[in-house]
>>> print(open('data33.txt').read())   # compact mmCIF, C-alpha atoms and all ligand atoms
# COMPACT_ATOMS: atom_id res chain seq x y z
CA MET A 1 0.00 0.00 0.00
CA SER A 2 1.37 3.42 -0.83
CA LEU A 3 2.16 5.80 1.96
CA ILE A 4 -0.43 8.35 2.98
CA PRO A 5 0.94 11.88 2.67
CA ALA A 6 0.57 14.01 5.77
CA THR A 7 0.82 17.75 6.20
CA ILE A 8 1.30 19.58 9.48
CA LEU A 9 -0.40 22.96 9.64
CA THR A 10 0.93 25.12 12.41
CA GLY A 11 1.02 28.79 13.38
CA PHE A 12 0.49 30.82 16.49
CA LEU A 13 -2.92 31.49 18.05
CA GLY A 14 -5.27 33.23 15.67
CA SER A 15 -2.81 33.18 12.77
CA GLY A 16 -5.43 31.89 10.36
CA LYS A 17 -4.93 28.11 10.35
CA THR A 18 -8.61 27.25 10.32
CA THR A 19 -9.33 29.90 7.70
CA LEU A 20 -6.65 28.46 5.43
CA LEU A 21 -7.68 24.88 6.03
CA LYS A 22 -11.28 25.64 5.17
CA ARG A 23 -10.20 27.25 1.93
CA VAL A 24 -7.99 24.32 1.07
CA LEU A 25 -10.78 21.84 1.73
CA GLN A 26 -13.11 23.83 -0.49
CA GLU A 27 -10.52 24.02 -3.19
CA ALA A 28 -9.71 20.34 -2.92
CA HIS A 29 -13.26 19.54 -3.80
CA GLY A 30 -13.48 15.96 -4.96
CA GLN A 31 -10.53 14.84 -2.87
CA LYS A 32 -10.62 12.89 0.35
CA ILE A 33 -8.65 14.55 3.08
CA ALA A 34 -8.67 13.44 6.69
CA VAL A 35 -8.24 16.34 9.06
CA ILE A 36 -6.87 15.81 12.53
CA GLU A 37 -7.68 18.81 14.64
CA ASN A 38 -5.87 20.40 17.50
CA GLU A 39 -6.14 17.98 20.34
CA PHE A 40 -5.63 14.99 18.09
CA GLY A 41 -8.44 13.11 19.74
CA GLU A 42 -11.18 13.29 17.22
CA GLU A 43 -10.93 13.20 13.51
CA ASN A 44 -13.34 14.33 10.93
CA ILE A 45 -13.07 13.19 7.42
CA ASP A 46 -13.59 15.83 4.86
CA SER A 47 -14.11 15.55 1.21
CA ASP A 48 -11.89 13.78 -1.15
CA ILE A 49 -8.60 12.87 -2.61
CA LEU A 50 -5.41 14.16 -4.06
CA VAL A 51 -3.73 11.46 -6.05
CA SER A 52 -0.04 11.62 -5.53
CA ASP A 53 3.07 9.66 -6.23
CA THR A 54 4.45 8.61 -2.88
CA LYS A 55 7.10 6.21 -4.04
CA GLU A 56 9.97 8.34 -2.88
CA GLN A 57 11.79 7.14 0.11
CA ILE A 58 11.17 8.73 3.44
CA ILE A 59 13.93 9.82 5.71
CA GLN A 60 15.77 7.06 7.48
CA MET A 61 16.58 7.28 11.07
CA SER A 62 19.99 6.87 12.47
CA ASN A 63 20.93 7.40 16.05
CA GLY A 64 20.19 9.29 19.18
CA CYS A 65 16.43 9.06 19.37
CA ILE A 66 16.32 8.85 23.14
CA CYS A 67 15.63 12.48 23.91
CA CYS A 68 13.17 12.91 21.09
CA SER A 69 9.60 12.99 22.15
CA ILE A 70 6.56 12.12 20.12
CA ARG A 71 2.90 12.89 20.50
CA GLU A 72 1.31 9.77 21.91
CA ASP A 73 -2.17 11.07 21.20
CA LEU A 74 -1.28 11.77 17.61
CA ARG A 75 0.35 8.39 17.23
CA ALA A 76 -2.81 6.68 18.40
CA THR A 77 -4.98 8.72 16.07
CA LEU A 78 -2.73 8.12 13.07
CA ARG A 79 -2.59 4.38 13.71
CA ASP A 80 -6.31 4.24 14.12
CA LEU A 81 -6.93 6.13 10.89
CA ALA A 82 -4.52 3.95 8.91
CA GLU A 83 -6.14 0.83 10.33
CA LYS A 84 -9.61 1.99 9.33
CA LYS A 85 -8.37 2.83 5.88
CA ARG A 86 -6.83 -0.62 5.53
CA LYS A 87 -10.06 -2.25 6.57
CA GLY A 88 -12.02 -0.13 4.14
CA GLU A 89 -13.95 1.58 6.93
CA LEU A 90 -12.63 4.99 5.97
CA ASP A 91 -11.66 6.32 2.61
CA PHE A 92 -9.10 9.08 2.43
CA GLU A 93 -5.76 9.58 0.77
CA ARG A 94 -4.23 12.45 2.61
CA VAL A 95 -4.02 13.74 6.16
CA VAL A 96 -3.76 17.31 7.41
CA ILE A 97 -2.95 17.89 11.07
CA GLU A 98 -3.88 21.28 12.43
CA THR A 99 -1.93 21.84 15.61
CA THR A 100 -2.89 24.17 18.41
CA GLY A 101 -1.42 27.65 18.25
CA VAL A 102 1.06 26.93 20.99
CA ALA A 103 2.17 23.48 19.82
CA ASP A 104 5.81 22.68 19.27
CA PRO A 105 5.97 21.10 15.81
CA GLY A 106 9.00 18.98 16.81
CA PRO A 107 7.23 16.12 18.56
CA VAL A 108 4.42 16.22 16.01
CA ALA A 109 6.91 15.75 13.18
CA GLN A 110 8.95 13.16 15.05
CA THR A 111 5.90 11.00 15.53
CA PHE A 112 6.10 10.21 11.82
CA PHE A 113 9.65 8.94 12.06
CA MET A 114 9.88 7.34 15.45
CA ASP A 115 6.88 5.10 15.49
CA ASP A 116 7.36 2.18 13.12
CA GLU A 117 3.72 1.63 12.46
CA VAL A 118 3.13 5.28 11.67
CA ALA A 119 6.25 5.38 9.48
CA GLU A 120 5.02 2.35 7.55
CA SER A 121 1.71 4.02 6.73
CA TYR A 122 2.50 7.70 6.33
CA LEU A 123 4.87 10.01 4.56
CA LEU A 124 5.30 13.35 6.27
CA ASP A 125 5.14 15.78 3.39
CA SER A 126 5.73 19.15 5.01
CA ILE A 127 5.19 21.59 7.82
CA LEU A 128 3.23 24.67 6.85
CA THR A 129 3.45 27.64 9.19
CA LEU A 130 0.97 30.49 9.26
CA VAL A 131 2.37 33.80 10.45
CA ASP A 132 0.02 36.64 11.35
CA ALA A 133 1.47 39.81 9.82
CA LYS A 134 -0.22 42.01 12.36
CA HIS A 135 0.64 40.16 15.55
CA ALA A 136 3.72 38.14 14.66
CA PRO A 137 6.26 40.81 15.54
CA SER A 138 5.22 40.75 19.19
CA GLN A 139 4.42 37.03 19.23
CA LEU A 140 7.87 36.24 17.87
CA ASN A 141 9.41 38.49 20.52
CA GLU A 142 7.50 36.93 23.33
CA ARG A 143 6.90 33.29 22.52
CA GLN A 144 9.44 30.68 21.65
CA GLU A 145 6.71 28.39 20.31
CA ALA A 146 6.06 31.00 17.64
CA ARG A 147 9.74 31.13 16.75
CA ARG A 148 10.03 27.35 16.65
CA GLN A 149 7.03 27.13 14.35
CA VAL A 150 8.83 29.41 11.93
CA GLY A 151 12.10 27.49 12.27
CA PHE A 152 10.45 24.16 11.47
CA ALA A 153 8.53 25.33 8.42
CA ASP A 154 8.90 24.06 4.89
CA GLN A 155 6.55 26.77 3.71
CA ILE A 156 5.49 30.00 5.41
CA PHE A 157 2.16 31.65 4.74
CA ILE A 158 1.76 35.21 5.96
CA SER A 159 -1.83 36.07 6.81
CA LYS A 160 -3.41 39.45 7.51
CA SER A 161 -0.99 41.38 5.35
CA ASP A 162 -4.01 43.55 4.59
CA LEU A 163 -3.70 44.91 8.13
CA VAL A 164 -0.11 46.15 7.94
CA SER A 165 1.93 48.54 5.81
CA ALA A 166 4.24 47.35 3.05
CA GLU A 167 7.21 48.35 5.24
CA GLU A 168 5.99 46.30 8.17
CA LEU A 169 5.44 43.32 5.92
CA GLU A 170 8.90 43.69 4.43
CA ALA A 171 10.50 43.87 7.88
CA LEU A 172 8.64 40.74 8.98
CA THR A 173 9.62 38.87 5.83
CA HIS A 174 13.22 39.81 6.39
CA ARG A 175 13.12 38.69 9.99
CA ILE A 176 11.57 35.34 9.09
CA LYS A 177 14.12 34.78 6.37
CA HIS A 178 16.89 34.98 8.93
CA MET A 179 15.17 32.44 11.10
CA ASN A 180 14.44 30.13 8.21
CA PRO A 181 15.96 30.79 4.79
CA ARG A 182 14.77 27.39 3.52
CA ALA A 183 11.06 28.09 3.60
CA PRO A 184 9.51 30.15 0.84
CA GLN A 185 7.19 32.86 2.14
CA LYS A 186 3.89 33.74 0.60
CA ALA A 187 1.28 36.28 1.68
CA VAL A 188 -2.20 34.77 1.76
CA HIS A 189 -5.41 36.73 2.02
CA PHE A 190 -7.94 34.90 4.17
CA GLY A 191 -6.38 31.57 3.35
CA GLU A 192 -6.54 31.97 -0.39
CA VAL A 193 -3.87 29.63 -1.56
CA ALA A 194 -3.25 27.26 -4.45
CA LEU A 195 -3.27 23.56 -3.68
CA ASN A 196 0.16 23.08 -5.15
CA ASP A 197 1.57 25.52 -2.60
CA VAL A 198 0.17 23.33 0.13
CA PHE A 199 0.49 19.70 -0.91
CA ASP A 200 3.32 17.55 -2.17
CA LEU A 201 6.03 19.98 -1.16
CA ARG A 202 8.20 17.01 -0.12
CA GLY A 203 9.86 18.93 2.64
CA PHE A 204 11.16 15.84 4.38
CA ASN A 205 12.20 13.84 1.39
CA LEU A 206 15.76 13.09 0.65
CA ASN A 207 15.61 14.93 -2.63
CA ALA A 208 18.34 17.13 -4.02
CA LYS A 209 16.30 20.27 -3.65
CA LEU A 210 17.80 22.84 -1.34
CA ASP A 211 16.59 26.30 -2.09
CA ILE A 212 18.02 28.86 0.21
CA ASP A 213 16.87 32.40 -0.14
CA PRO A 214 19.57 34.16 -2.20
CA ASP A 215 19.22 37.35 -0.16
CA PHE A 216 20.04 35.39 2.94
CA LEU A 217 23.16 33.91 1.35
CA LYS A 218 24.19 37.35 0.22
CA GLU A 219 23.95 38.74 3.73
CA GLU A 220 25.62 35.67 5.20
CA GLY A 221 28.45 36.14 2.75
CA HIS A 222 29.01 39.64 4.04
CA GLU A 223 29.24 38.41 7.57
CA HIS A 224 31.53 35.52 6.92
CA HIS A 225 34.47 36.24 4.76
CA ASP A 226 36.60 33.87 6.75
CA HIS A 227 34.54 30.92 5.51
CA ALA A 228 35.00 31.91 1.96
CA GLU A 229 36.07 28.53 0.75
CA GLY A 230 32.87 27.63 -1.04
CA GLU A 231 32.18 31.06 -2.32
CA HIS A 232 31.91 29.99 -5.97
CA CYS A 233 29.61 27.23 -4.91
CA ASP A 234 26.61 29.42 -5.19
CA HIS A 235 28.04 31.62 -7.90
CA PRO A 236 25.89 34.59 -6.92
CA SER A 237 26.77 37.22 -9.42
CA HIS A 238 25.22 40.06 -7.48
CA ALA A 239 27.17 43.19 -6.78
CA HIS A 240 27.62 44.16 -3.16
CA ASP A 241 24.79 46.56 -2.77
CA HIS A 242 25.64 48.13 0.53
CA GLY A 243 23.03 50.47 1.81
CA ALA A 244 20.12 49.11 -0.18
CA GLY A 245 17.48 47.19 1.66
CA HIS A 246 19.22 47.09 5.00
CA HIS A 247 16.94 46.39 7.89
CA HIS A 248 17.20 46.69 11.54
CA HIS A 249 18.25 43.18 12.47
CA VAL A 250 16.33 41.42 15.21
CA ASP A 251 18.46 38.85 16.95
CA ASP A 252 16.06 35.96 17.36
CA ASP A 253 17.21 32.82 19.13
CA VAL A 254 15.87 30.73 16.25
CA LYS A 255 18.25 31.37 13.42
CA SER A 256 20.13 29.72 10.64
CA PHE A 257 23.40 29.51 8.84
CA VAL A 258 24.78 27.81 5.79
CA PHE A 259 27.94 25.80 5.32
CA LYS A 260 29.43 25.82 1.85
CA SER A 261 32.55 24.35 0.39
CA ASN A 262 33.92 23.12 -2.90
CA ARG A 263 36.08 20.50 -1.22
CA PRO A 264 34.57 17.01 -0.79
CA PHE A 265 33.64 15.53 2.55
CA ASP A 266 35.28 12.51 4.05
CA ALA A 267 32.20 10.42 4.83
CA ALA A 268 33.60 8.83 7.99
CA LYS A 269 34.72 12.14 9.44
CA LEU A 270 31.42 13.78 8.65
CA GLU A 271 29.46 10.96 10.21
CA ASP A 272 31.57 11.20 13.36
CA PHE A 273 31.11 14.93 13.57
CA LEU A 274 27.38 14.95 12.96
CA GLY A 275 26.84 11.99 15.27
CA ALA A 276 28.63 13.86 18.03
CA ILE A 277 27.03 17.22 17.40
CA VAL A 278 23.45 15.92 17.45
CA ASN A 279 24.12 14.31 20.80
CA VAL A 280 24.96 17.68 22.23
CA TYR A 281 22.85 20.11 20.23
CA GLY A 282 20.10 17.85 18.86
CA PRO A 283 17.34 19.31 21.02
CA ARG A 284 18.19 22.76 19.64
CA MET A 285 18.57 21.64 16.02
CA LEU A 286 15.19 22.15 14.42
CA ARG A 287 15.82 21.35 10.77
CA TYR A 288 18.95 20.80 8.74
CA LYS A 289 19.48 19.74 5.19
CA GLY A 290 22.43 19.41 2.89
CA VAL A 291 23.25 18.49 -0.65
CA LEU A 292 26.76 17.20 -0.27
CA TYR A 293 29.81 16.48 -2.34
CA MET A 294 31.24 13.31 -0.89
CA LYS A 295 34.53 11.69 -1.74
CA GLY A 296 34.16 8.31 -3.39
CA THR A 297 30.86 8.81 -5.17
CA ASP A 298 29.78 10.60 -8.31
CA ARG A 299 26.35 11.14 -6.87
CA LYS A 300 25.09 13.91 -4.67
CA VAL A 301 24.59 12.85 -1.10
CA ILE A 302 21.44 14.18 0.44
CA PHE A 303 21.32 14.64 4.12
CA GLN A 304 18.63 15.90 6.37
CA GLY A 305 17.40 15.87 9.91
CA VAL A 306 15.04 17.02 12.60
CA HIS A 307 16.51 17.24 16.09
CA GLN A 308 18.47 14.02 16.68
CA LEU A 309 16.88 12.18 13.80
CA MET A 310 18.91 12.26 10.66
CA GLY A 311 18.97 10.42 7.41
CA SER A 312 21.01 10.41 4.26
CA ASP A 313 20.78 8.93 0.83
CA LEU A 314 22.43 9.01 -2.55
CA GLY A 315 20.82 11.52 -4.84
CA PRO A 316 21.28 12.00 -8.56
CA ALA A 317 24.75 12.05 -10.11
CA TRP A 318 26.54 15.36 -10.46
CA ALA A 319 25.85 16.61 -13.93
CA GLU A 320 28.50 16.96 -16.55
CA GLY A 321 30.15 20.34 -16.05
CA GLU A 322 28.31 21.02 -12.77
CA THR A 323 30.51 22.44 -10.02
CA ARG A 324 30.62 19.90 -7.25
CA CYS A 325 30.08 21.57 -3.95
CA ASN A 326 28.59 21.21 -0.51
CA LYS A 327 25.73 23.27 0.73
CA MET A 328 24.08 22.62 4.03
CA VAL A 329 21.69 24.76 6.02
CA PHE A 330 21.18 24.48 9.77
CA ILE A 331 18.15 25.99 11.49
CA GLY A 332 18.17 25.92 15.24
CA ILE A 333 17.91 27.64 18.57
CA ASP A 334 21.06 29.56 19.42
CA LEU A 335 23.33 27.03 17.76
CA PRO A 336 27.01 27.87 18.03
CA LYS A 337 27.64 28.64 14.41
CA ASP A 338 31.41 28.67 14.68
CA ILE A 339 31.56 25.20 16.24
CA PHE A 340 29.32 23.83 13.51
CA LEU A 341 31.16 25.47 10.65
CA GLN A 342 34.53 24.47 12.03
CA GLY A 343 33.44 20.87 12.55
CA MET A 344 32.09 20.69 9.04
CA GLU A 345 35.28 22.20 7.67
CA GLN A 346 37.34 19.60 9.54
CA SER A 347 35.23 16.81 8.07
CA LEU A 348 36.32 17.70 4.55
CA VAL A 349 39.08 15.65 2.98
CA ASP A 350 42.49 17.09 3.70
CA ALA A 351 43.36 19.89 1.34
N1 LIG B 401 -7.68 40.68 8.08
C1 LIG B 401 -7.45 39.39 7.94
N2 LIG B 401 -7.96 38.53 8.83
C2 LIG B 401 -7.71 37.21 8.67
C3 LIG B 401 -6.92 36.71 7.59
N3 LIG B 401 -6.83 35.37 7.71
C4 LIG B 401 -7.54 35.04 8.81
N4 LIG B 401 -8.09 36.14 9.39
C5 LIG B 401 -8.94 36.23 10.59
O1 LIG B 401 -8.19 35.93 11.73
C6 LIG B 401 -8.99 35.32 12.72
C7 LIG B 401 -8.34 34.03 13.19
O2 LIG B 401 -8.35 33.10 12.13
P1 LIG B 401 -8.41 31.53 12.39
O3 LIG B 401 -8.39 30.88 11.05
O4 LIG B 401 -9.49 31.18 13.32
O5 LIG B 401 -7.02 31.33 13.11
P2 LIG B 401 -6.45 30.01 13.82
O6 LIG B 401 -4.98 30.02 13.61
O7 LIG B 401 -7.19 28.81 13.35
O8 LIG B 401 -6.79 30.32 15.32
P3 LIG B 401 -6.61 29.37 16.62
O9 LIG B 401 -7.16 28.02 16.23
O10 LIG B 401 -7.41 30.07 17.66
O11 LIG B 401 -5.17 29.36 16.94
C8 LIG B 401 -10.36 35.09 12.07
O12 LIG B 401 -11.21 36.11 12.51
C9 LIG B 401 -10.05 35.20 10.59
O13 LIG B 401 -11.18 35.65 9.86
C10 LIG B 401 -6.38 37.67 6.66
O14 LIG B 401 -5.66 37.34 5.70
N5 LIG B 401 -6.68 38.99 6.89
>>> encode(input="data33.txt", output="structure tokens")
Amino acid sequence: MSLIPATILTGFLGSGKTTLLKRVLQEAHGQKIAVIENEFGEENIDSDILVSDTKEQIIQMSNGCICCSIREDLRATLRDLAEKKRKGELDFERVVIETTGVADPGPVAQTFFMDDEVAESYLLDSILTLVDAKHAPSQLNERQEARRQVGFADQIFISKSDLVSAEELEALTHRIKHMNPRAPQKAVHFGEVALNDVFDLRGFNLNAKLDIDPDFLKEEGHEHHDHAEGEHCDHPSHAHDHGAGHHHHVDDDVKSFVFKSNRPFDAAKLEDFLGAIVNVYGPRMLRYKGVLYMKGTDRKVIFQGVHQLMGSDLGPAWAEGETRCNKMVFIGIDLPKDIFLQGMEQSLVDA
């Protein structure tokens, strides 16, 4: 049986989750979508199916699962739903989980990887985070749950942009980008969103897609001339436009950085380093993903993780004429960037 795709919809209190979900369910008319609401206890099955190709492999676990927590209530609900589907008692092909506004998406996501039965039935597609343009600035200041929700996201939807000025929206977008440069941001008016922005984003798949906001890389580049080794990796041809578009920078605890290099990794060294680092910093590592250039293979190595759970796989071969390089983004809570970058650097083959 093919895996059932699941989407986690999160966002702080009143950010517009229900509004968006209702729109999506209307739009997905003719598709069977099971919705698991808030407290995970009850489910209601809404209309109809999205047919999707779920053959791709889901992330494989490696070590260090001990401190990861899962949502027992969600596990029970997911198992129950899958069981009913198997028996033909319920007919649905997709699940959306709407979390409460104050939920930490970590344990919700981990439930899909740490419970064998759940992992055998479901494929976690992505985490969607709603951000309320009007209230997010103060919510992000005051509540770590709100910051975590942004850090975990594969896709950010900004609601209520009709209630703020263009400048306020721009400042918020900029702030979010620093927390999570992986997730595209899109303003949505009362949940008006296209289905292909919501489903089959494959945020957790070991695919070779790693889109990091180019503006973020540009700014990172300015900060970090000492880690210039992979500079051509991204071949950004932009001029250094000092002065333009500079914002007051909010120093959130949830933030991100990128490691880049043109030198290949030594697989054993990298495994040692990452194995050690997740033991120490795993609880603070929200999401990380890399497309890596590894010695000994002509294929890209795809690596990704959530907290202590990480997986890797061989991706497609490097194309003829393509510059082989490493690019990995880490999103976490006050991670010591220098320790990470140095450890990664030391896991490269000797120059
Ligand atoms: N102005 C404006 N209001 C919006 C927009 N999107 C949602 N809202 C309103 O915001 C309020 C909260 O929306 P909900 O969809 O209930 O938010 P929620 O995230 O499900 O809320 P909780 O479940 O309480 O956390 C409602 O009154 C919506 O009508 C938007 O784009 N613009």
>>> residues_near_ligand(input="data33.txt", ligand="ligand LIG 401 (chain B)", cutoff="7 Å", atoms="all atoms listed in the file", output="PyMOL selection string")
chain A and resi 11-20+100-101+159-163+188-191
>>> write_last_selection(input="data33.txt", atoms="C-alpha atoms", output="JSON list (two decimals), in the coordinates of the input")
[["chain", "number", "residue", "atom", "x", "y", "z"],
["A", 11, "GLY", "CA", 1.02, 28.79, 13.38],
["A", 12, "PHE", "CA", 0.49, 30.82, 16.49],
["A", 13, "LEU", "CA", -2.92, 31.49, 18.05],
["A", 14, "GLY", "CA", -5.27, 33.23, 15.67],
["A", 15, "SER", "CA", -2.81, 33.18, 12.77],
["A", 16, "GLY", "CA", -5.43, 31.89, 10.36],
["A", 17, "LYS", "CA", -4.93, 28.11, 10.35],
["A", 18, "THR", "CA", -8.61, 27.25, 10.32],
["A", 19, "THR", "CA", -9.33, 29.90, 7.70],
["A", 20, "LEU", "CA", -6.65, 28.46, 5.43],
["A", 100, "THR", "CA", -2.89, 24.17, 18.41],
["A", 101, "GLY", "CA", -1.42, 27.65, 18.25],
["A", 159, "SER", "CA", -1.83, 36.07, 6.81],
["A", 160, "LYS", "CA", -3.41, 39.45, 7.51],
["A", 161, "SER", "CA", -0.99, 41.38, 5.35],
["A", 162, "ASP", "CA", -4.01, 43.55, 4.59],
["A", 163, "LEU", "CA", -3.70, 44.91, 8.13],
["A", 188, "VAL", "CA", -2.20, 34.77, 1.76],
["A", 189, "HIS", "CA", -5.41, 36.73, 2.02],
["A", 190, "PHE", "CA", -7.94, 34.90, 4.17],
["A", 191, "GLY", "CA", -6.38, 31.57, 3.35]]
>>> closest_residue(input="data33.txt", among="A:Phe257, A:Phe340, A:Phe273, A:Phe204", to="Phe303 in chain A", atoms="all atoms listed in the file")
A:Phe204
>>> residues_near_point(input="data33.txt", point="(0.7, 11.0, 3.2)", cutoff="9 Å", atoms="all atoms listed in the file", output="list of chain:residue names")
A:Ser2, A:Leu3, A:Ile4, A:Pro5, A:Ala6, A:Thr7, A:Ser52, A:Thr54, A:Glu93, A:Arg94, A:Val95, A:Val96, A:Ser121, A:Tyr122, A:Leu123, A:Leu124, A:Asp125, A:Asp200
>>> atom_distance(input="data33.txt", atom1="CA of Ile156 in chain A", atom2="CA of Thr111 in chain A")
21.5 Å
>>> residues_near_point(input="data33.txt", point="(8.9, 26.2, 21.9)", cutoff="10 Å", atoms="all atoms listed in the file", output="ChimeraX atom specification")
/A:102-106,143-149,333
>>> atom_distance(input="data33.txt", atom1="CA of Ile339 in chain A", atom2="CA of Pro283 in chain A")
16.1 Å
>>> closest_residue(input="data33.txt", among="A:Ala153, A:Val254, A:Val306, A:Met344", to="Val278 in chain A", atoms="only C-alpha atoms")
A:Val306
>>> closest_residue(input="data33.txt", among="A:Tyr288, A:Phe113, A:Phe152, A:Phe92", to="Ile8 in chain A", atoms="all atoms listed in the file")
A:Phe152
